[in-house]
Amino acid sequence: MRGDSGSEEKLRSGEIAAWVAQGAELAAARRAGGLRTLIPTGEVISDRSVFFTRRDLAEQRPEVVEALVRALRRADEWAAAHPREAAGTAAADQGGTVDDWETALRALPWTIEEVTEEFVAEQQRAADVFHRTGFIDRAVTVADALPRKA
């Protein structure tokens, strides 16, 4: 189970056998103690934010995409330089404590990266895991989402 606010309590009470946690939820659970990490997922599926747009927008309005990328980079730079304030914003918006969000946010790389072959391969491995385990109902070819070569 992941994401709902009672997952940690359900795990501690024995109602569920395992829980996938990240961010402030994971920081809070680690702070509270008494739980054991079974499988760190970072080796299997990275915890990246991936931004998508419609193909027609990306191809016809690349200046809009570039403006968004610049804005995201500025936001990342601000969050990296002001982790306590960013944590306050996250806690107010998503719940949890400022301290737990600050722990989670300080662990992030705060970078916008170009799409590389390694990134596509990483995302393909994740898509394959999601399909194999039934989280998505059909196989996905990640490279199909890349811009078309001229």
# chains A, B, ... in the order shown; residues from 1 in each chain; ligands from 1

$ select_by_dssp --residues "chain A" --states "helix (DSSP H, G or I)" --output "ChimeraX atom specification"
/A:7-13,23-32,41-43,55-60,62-81,83-94,98-106,117-132,142-145

$ residues_around --residues "Ala86 of chain A" --least-positions-apart "4" --cutoff "9 Å" --atoms "only C-alpha atoms" --output "JSON, numbers by chain"
{"A": [78, 79, 80, 82, 90, 91, 98, 101, 102, 105]}

$ residues_around --residues "segment 113-130 of chain A" --least-positions-apart "3" --cutoff "6 Å" --atoms "only C-alpha atoms" --output "JSON list (two decimals) with all heavy atoms, in the first residue's frame"
[["chain", "number", "residue", "atom", "x", "y", "z"],
["A", 45, "ILE", "N", 13.53, 0.83, -9.12],
["A", 45, "ILE", "CA", 12.78, 1.93, -9.73],
["A", 45, "ILE", "C", 13.25, 3.22, -9.07],
["A", 45, "ILE", "O", 13.16, 3.38, -7.87],
["A", 45, "ILE", "CB", 11.27, 1.75, -9.52],
["A", 45, "ILE", "CG1", 10.80, 0.47, -10.21],
["A", 45, "ILE", "CG2", 10.51, 2.96, -10.05],
["A", 45, "ILE", "CD1", 9.37, 0.11, -9.93],
["A", 133, "THR", "N", 4.08, -6.93, -12.98],
["A", 133, "THR", "CA", 3.38, -7.06, -11.70],
["A", 133, "THR", "C", 1.92, -6.65, -11.77],
["A", 133, "THR", "O", 1.21, -6.68, -10.77],
["A", 133, "THR", "CB", 4.09, -6.23, -10.61],
["A", 133, "THR", "OG1", 4.15, -4.86, -11.02],
["A", 133, "THR", "CG2", 5.49, -6.77, -10.34],
["A", 135, "PHE", "N", 0.59, -3.61, -12.52],
["A", 135, "PHE", "CA", 0.24, -2.21, -12.26],
["A", 135, "PHE", "C", -0.20, -1.48, -13.53],
["A", 135, "PHE", "O", -0.96, -0.53, -13.46],
["A", 135, "PHE", "CB", 1.40, -1.45, -11.60],
["A", 135, "PHE", "CG", 1.55, -1.76, -10.15],
["A", 135, "PHE", "CD1", 2.55, -2.61, -9.71],
["A", 135, "PHE", "CD2", 0.69, -1.22, -9.21],
["A", 135, "PHE", "CE1", 2.68, -2.91, -8.36],
["A", 135, "PHE", "CE2", 0.80, -1.51, -7.88],
["A", 135, "PHE", "CZ", 1.81, -2.37, -7.44],
["A", 136, "ILE", "N", 0.32, -1.93, -14.66],
["A", 136, "ILE", "CA", -0.19, -1.43, -15.95],
["A", 136, "ILE", "C", -0.59, -2.66, -16.77],
["A", 136, "ILE", "O", 0.04, -3.72, -16.67],
["A", 136, "ILE", "CB", 0.83, -0.53, -16.70],
["A", 136, "ILE", "CG1", 2.16, -1.24, -16.93],
["A", 136, "ILE", "CG2", 1.03, 0.77, -15.95],
["A", 136, "ILE", "CD1", 3.16, -0.43, -17.74],
["A", 142, "VAL", "N", 9.02, 2.72, -23.85],
["A", 142, "VAL", "CA", 9.29, 4.08, -23.40],
["A", 142, "VAL", "C", 9.85, 4.94, -24.53],
["A", 142, "VAL", "O", 9.48, 6.11, -24.68],
["A", 142, "VAL", "CB", 10.24, 4.07, -22.18],
["A", 142, "VAL", "CG1", 10.70, 5.47, -21.81],
["A", 142, "VAL", "CG2", 9.57, 3.38, -21.00]]

$ closest_residue --among "A:Ala145, A:Ala24, A:Val50, A:Leu72" --to "Arg106 of chain A" --atoms "only C-alpha atoms"
A:Ala24

$ closest_residue --among "A:Arg54, A:Ala92, A:Val65, A:Val20" --to "Pro40 of chain A" --atoms "only C-alpha atoms"
A:Val20

$ atom_distance --atom1 "atom CA of Leu57 of chain A" --atom2 "atom CA of Leu146 of chain A"
13.1 Å

$ atom_distance --atom1 "atom CA of Lys10 of chain A" --atom2 "atom CA of Gly42 of chain A"
23.6 Å

$ atom_distance --atom1 "atom CA of Ala81 of chain A" --atom2 "atom CA of Gln22 of chain A"
21.6 Å

$ closest_residue --among "A:Ala21, A:Ala107, A:Leu11, A:Ile112" --to "Glu66 of chain A" --atoms "only C-alpha atoms"
A:Ile112

$ closest_residue --among "A:Arg74, A:His131, A:Arg12, A:Glu85" --to "Asp99 of chain A" --atoms "only C-alpha atoms"
A:Glu85
